[in-house]
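Q: Data: work-v3.txt, compact mmCIF, C-alpha atoms and all ligand atoms.
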```
# COMPACT_ATOMS: atom_id res chain seq x y z
CA MET A 1 76.53 -24.86 125.89
CA ARG A 2 73.39 -24.23 123.90
CA LEU A 3 73.07 -20.90 122.18
CA TYR A 4 69.38 -20.20 121.77
CA THR A 5 69.88 -16.81 120.18
CA PHE A 6 72.58 -15.22 118.02
CA PRO A 7 74.65 -12.62 119.86
CA LYS A 8 74.22 -9.10 118.47
CA TRP A 9 77.87 -8.79 117.49
CA LEU A 10 77.52 -11.85 115.31
CA GLN A 11 74.39 -10.47 113.67
CA LYS A 12 76.35 -7.38 112.61
CA LEU A 13 78.68 -9.57 110.57
CA TYR A 14 75.86 -10.42 108.17
CA PRO A 15 74.41 -7.12 106.97
CA GLY A 16 70.98 -7.47 105.44
CA ALA A 17 70.31 -10.92 106.86
CA ILE A 18 67.03 -11.45 108.68
CA TRP A 19 67.00 -12.52 112.32
CA GLU A 20 63.50 -11.43 113.19
CA PHE A 21 60.80 -9.00 112.11
CA SER A 22 61.12 -6.33 114.74
CA HIS A 23 58.93 -3.70 113.05
CA HIS A 24 55.83 -5.48 114.27
CA LYS A 25 53.23 -3.74 116.36
CA LYS A 26 51.06 -6.83 116.27
CA LYS A 27 51.87 -9.85 118.40
CA THR A 28 53.12 -11.92 115.50
CA ILE A 29 55.62 -14.74 115.61
CA TYR A 30 57.13 -16.80 112.81
CA LEU A 31 57.44 -20.56 113.18
CA THR A 32 59.91 -22.18 110.82
CA PHE A 33 60.60 -25.85 110.20
CA ASP A 34 63.89 -27.03 108.71
CA ASP A 35 65.16 -30.20 106.98
CA GLY A 36 61.87 -31.59 105.60
CA PRO A 37 59.68 -32.60 104.03
CA ASN A 38 59.61 -35.80 106.02
CA PRO A 39 56.87 -38.46 106.10
CA GLU A 40 57.43 -39.08 109.83
CA ILE A 41 56.57 -35.60 111.01
CA THR A 42 55.62 -33.02 108.39
CA HIS A 43 51.96 -34.08 108.22
CA TYR A 44 51.73 -33.88 111.97
CA ILE A 45 53.07 -30.31 111.92
CA LEU A 46 50.68 -29.32 109.14
CA GLY A 47 47.76 -30.63 111.17
CA LEU A 48 48.90 -28.81 114.30
CA LEU A 49 49.35 -25.53 112.45
CA GLU A 50 45.87 -25.85 111.02
CA GLN A 51 44.41 -26.50 114.44
CA PHE A 52 45.84 -23.17 115.62
CA ASN A 53 44.98 -21.32 112.45
CA ALA A 54 48.71 -20.79 112.00
CA LYS A 55 50.87 -20.28 108.97
CA GLY A 56 54.53 -21.21 108.99
CA THR A 57 57.60 -21.43 106.80
CA PHE A 58 59.33 -24.64 105.78
CA PHE A 59 63.01 -24.50 104.85
CA CYS A 60 63.21 -27.64 102.76
CA LEU A 61 66.15 -29.77 101.73
CA GLY A 62 66.32 -30.48 98.01
CA GLU A 63 67.08 -34.14 98.59
CA GLN A 64 63.95 -34.47 100.76
CA VAL A 65 61.81 -32.63 98.20
CA GLU A 66 63.03 -35.07 95.59
CA LYS A 67 61.94 -38.01 97.76
CA HIS A 68 58.65 -36.54 98.94
CA PRO A 69 57.29 -34.16 96.30
CA ASP A 70 53.70 -34.81 97.42
CA ILE A 71 54.36 -33.55 100.96
CA TYR A 72 56.29 -30.61 99.55
CA GLN A 73 53.27 -29.71 97.44
CA GLU A 74 50.91 -30.12 100.35
CA ILE A 75 52.89 -27.64 102.47
CA GLN A 76 52.28 -25.01 99.82
CA ASP A 77 48.68 -26.00 99.14
CA ARG A 78 47.94 -25.37 102.78
CA GLY A 79 49.16 -21.77 102.51
CA HIS A 80 52.57 -22.01 104.13
CA THR A 81 55.71 -20.59 102.55
CA ILE A 82 58.82 -22.48 101.63
CA GLY A 83 62.50 -21.66 101.56
CA ASN A 84 65.68 -23.22 100.25
CA HIS A 85 67.76 -25.02 102.91
CA SER A 86 70.26 -26.42 100.35
CA MET A 87 70.34 -29.80 98.63
CA THR A 88 72.46 -31.88 101.04
CA HIS A 89 72.81 -29.74 104.21
CA PRO A 90 76.49 -28.73 103.93
CA ASN A 91 78.24 -26.85 106.70
CA GLY A 92 79.27 -23.56 105.05
CA TRP A 93 82.32 -23.14 107.26
CA PHE A 94 83.85 -26.35 105.93
CA THR A 95 82.65 -26.23 102.32
CA SER A 96 84.22 -24.32 99.45
CA LYS A 97 82.24 -21.41 98.07
CA LYS A 98 81.90 -23.11 94.71
CA LYS A 99 80.61 -26.35 96.17
CA TYR A 100 78.27 -24.53 98.55
CA LEU A 101 76.73 -22.39 95.83
CA SER A 102 76.26 -25.31 93.48
CA ASP A 103 74.52 -27.29 96.24
CA ILE A 104 72.05 -24.43 96.71
CA GLU A 105 71.60 -23.99 93.00
CA GLU A 106 70.73 -27.66 92.66
CA ALA A 107 68.13 -27.26 95.39
CA SER A 108 66.75 -24.16 93.67
CA LYS A 109 65.69 -26.28 90.71
CA LEU A 110 63.23 -27.99 93.04
CA ILE A 111 62.51 -25.24 95.54
CA LYS A 112 61.25 -22.07 93.91
CA SER A 113 62.01 -19.57 96.65
CA LYS A 114 64.45 -16.76 97.24
CA LEU A 115 64.39 -17.36 100.98
CA PHE A 116 67.48 -19.22 102.09
CA ARG A 117 68.44 -20.55 105.49
CA PRO A 118 72.04 -21.73 105.91
CA PRO A 119 72.28 -25.27 107.35
CA TYR A 120 73.47 -25.05 110.99
CA GLY A 121 73.32 -21.26 110.58
CA LYS A 122 76.91 -21.54 109.35
CA ILE A 123 77.83 -19.61 106.25
CA SER A 124 81.07 -17.87 105.29
CA HIS A 125 81.16 -14.25 104.21
CA PRO A 126 82.02 -14.95 100.57
CA GLN A 127 79.14 -17.46 100.44
CA PHE A 128 76.82 -14.97 102.10
CA ARG A 129 77.73 -12.16 99.71
CA ALA A 130 77.42 -14.38 96.65
CA LEU A 131 73.94 -15.54 97.62
CA LYS A 132 72.81 -11.99 98.32
CA LYS A 133 74.04 -11.01 94.89
CA GLN A 134 71.87 -13.78 93.45
CA GLY A 135 68.88 -12.18 95.13
CA TYR A 136 68.54 -14.49 98.11
CA HIS A 137 67.20 -13.30 101.43
CA ILE A 138 69.20 -15.01 104.13
CA ILE A 139 66.96 -15.95 107.02
CA PHE A 140 68.56 -16.87 110.32
CA TRP A 141 66.43 -16.96 113.48
CA SER A 142 65.78 -15.28 116.81
CA VAL A 143 65.34 -18.51 118.75
CA VAL A 144 66.43 -22.06 118.01
CA SER A 145 64.56 -24.71 119.93
CA TYR A 146 67.07 -27.59 120.10
CA ASP A 147 64.08 -29.84 119.46
CA PHE A 148 66.51 -32.34 117.88
CA ASP A 149 68.62 -32.69 121.02
CA PRO A 150 67.64 -35.73 123.13
CA ALA A 151 69.78 -34.55 126.03
CA LEU A 152 67.66 -31.45 126.52
CA ARG A 153 65.05 -31.71 129.24
CA LYS A 154 61.63 -30.94 127.87
CA LYS A 155 60.79 -28.60 130.73
CA ASP A 156 63.87 -26.54 129.92
CA LEU A 157 62.89 -26.29 126.29
CA ILE A 158 59.40 -25.03 127.11
CA ARG A 159 60.69 -22.58 129.72
CA LYS A 160 63.34 -21.21 127.35
CA MET A 161 60.95 -20.85 124.44
CA LYS A 162 58.43 -19.00 126.58
CA LYS A 163 61.05 -16.68 128.00
CA LEU A 164 62.48 -15.78 124.59
CA THR A 165 59.11 -15.13 122.95
CA HIS A 166 58.65 -11.60 121.65
CA LYS A 167 56.90 -9.76 118.83
CA GLY A 168 58.39 -10.59 115.46
CA ALA A 169 60.48 -13.52 116.74
CA VAL A 170 61.50 -16.25 114.30
CA PHE A 171 61.57 -19.72 115.90
CA VAL A 172 63.33 -22.76 114.46
CA PHE A 173 61.97 -26.29 114.73
CA HIS A 174 62.82 -29.29 112.58
CA ASP A 175 60.64 -31.60 110.55
CA ASN A 176 63.36 -34.11 111.02
CA PRO A 177 62.87 -37.55 112.66
CA LYS A 178 65.24 -36.56 115.48
CA ALA A 179 62.78 -33.91 116.64
CA VAL A 180 59.65 -36.07 116.58
CA PRO A 181 59.34 -36.69 120.36
CA VAL A 182 59.68 -33.02 121.24
CA LEU A 183 57.42 -31.81 118.47
CA LYS A 184 54.64 -34.25 119.28
CA ASN A 185 54.75 -33.74 123.03
CA GLU A 186 55.82 -30.15 123.50
CA LEU A 187 54.94 -28.10 120.45
CA PRO A 188 51.17 -28.33 121.05
CA LYS A 189 51.68 -26.96 124.58
CA LEU A 190 53.81 -24.12 123.26
CA MET A 191 51.29 -23.26 120.57
CA GLN A 192 48.58 -23.13 123.22
CA PHE A 193 50.77 -20.84 125.35
CA TRP A 194 51.37 -18.48 122.43
CA LYS A 195 47.70 -18.46 121.55
CA ASP A 196 46.71 -17.69 125.15
CA GLU A 197 49.23 -14.84 125.14
CA GLY A 198 47.51 -13.39 122.08
CA TYR A 199 50.17 -14.21 119.49
CA ILE A 200 49.32 -14.95 115.89
CA PHE A 201 51.44 -17.09 113.60
CA GLU A 202 52.44 -15.85 110.17
CA ALA A 203 54.52 -17.26 107.36
CA ILE A 204 57.64 -15.41 106.26
CA PRO A 205 56.57 -13.71 103.03
CA PRO A 206 58.18 -15.08 99.87
CA LYS A 207 60.34 -12.47 98.19
ZN ZN A 301 68.94 -27.90 108.80
```
Please render this file's structure as C-alpha cells.
A:
Amino acid sequence: MRLYTFPKWLQKLYPGAIWEFSHHKKKTIYLTFDDGPNPEITHYILGLLEQFNAKGTFFCLGEQVEKHPDIYQEIQDRGHTIGNHSMTHPNGWFTSKKKYLSDIEEASKLIKSKLFRPPYGKISHPQFRALKKQGYHIIFWSVVSYDFDPALRKKDLIRKMKKLTHKGAVFVFHDNPKAVPVLKNELPKLMQFWKDEGYIFEAIPPK
C-alpha cells in the first residue's frame, strides 16, 4: 500500500513539525526535491522550475553535496532554498539517537540550513526532540509522489497528485536517478496543470 499523505493521528505525534502551510489564502504550493544534488537530474529540474517561474526547496544529502558542490551552489544561485536531509540517509527508526544526530551534524557542515527532512520520513521521538532543541525545523510533507517507484503507473501518479493538490501543500519529489523517468515525463505535465489551475510555486523559507 502506498501512503501518499500522513494520517492526522501520526501528525499529532510530532508537535511543531511542518506538514504543509495551511495559513495560505493564495494558491501557493511547495515543491521539494530530496536526495540530490545529482548530475543526472538536478539540472533538468532547475530548468523546469525556471520555465514555470517556480521556486522550490532541495533537501540535500551531505554525501551528494560533497560530490557535486557546483550543482549545490547552482541550486542556491537560482533562488531556491535548501535543507538538510542528513549525510548518508539513515532510517531513524533503526539508528541510535547518537548516530543519527552525528550524521545530521556532519551534513550541517556542508548544508547551512535549519530546515531538516528526515530520510523516509522516519524519525524517533528522542531524535525529533533533540533536533528541535538544536533549532531545526522538521519538514515532512503533505503529499509524496512515489516518483521513485517503477511499479507505479504514471497515470495513477498524475491522478493522485492532482487530486491531493490544495493551497499550502508540500509535495515531495526526488532528484535521485530512480525518479528520472517520472520526473522527465510527468512533472512537466503536472506543472502545467498547477499553472493552469492558478497555483504559484514558492520555496520553503529558510529559518
Ligand atoms: Zn531521501
Q: Tell me, in Å to one decimal, how far CA of Met87 (chain A) is from CA of Ala107 (chain A).
A: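 Going from CA of Met87 (chain A) over to CA of Ala107 (chain A) covers 4.7 Å.
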Q: Which residues are near ligand ZN 301 (chain A) - at most 8 Å, using all atoms listed in the file? Format: as a count of residues only.
A: 10
Q: Go through A:Leu157, A:Pro205, A:Gln51, A:Lys99 and flag the residue nearest Lys114 (chain A), using only C-alpha atoms for the distances.
A: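 Smallest separation from Lys114 (chain A) among the options: A:Pro205.
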Q: Excluding Gly16 (chain A) and any residue of its chain fewer than 2 positions from it, enumerate the residues within 9 Å of it, using only C-alpha atoms, and give them as a VMD selection string.
A: chain A and resid 12 14 18 132 137 to 138
Q: Go through A:Phe148, A:Tyr44, A:Phe140, A:Trp93 and flag the residue nearest Phe173 (chain A), using only C-alpha atoms for the distances.
A: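 With only C-alpha atoms as the atom set, the closest residue is A:Phe148.
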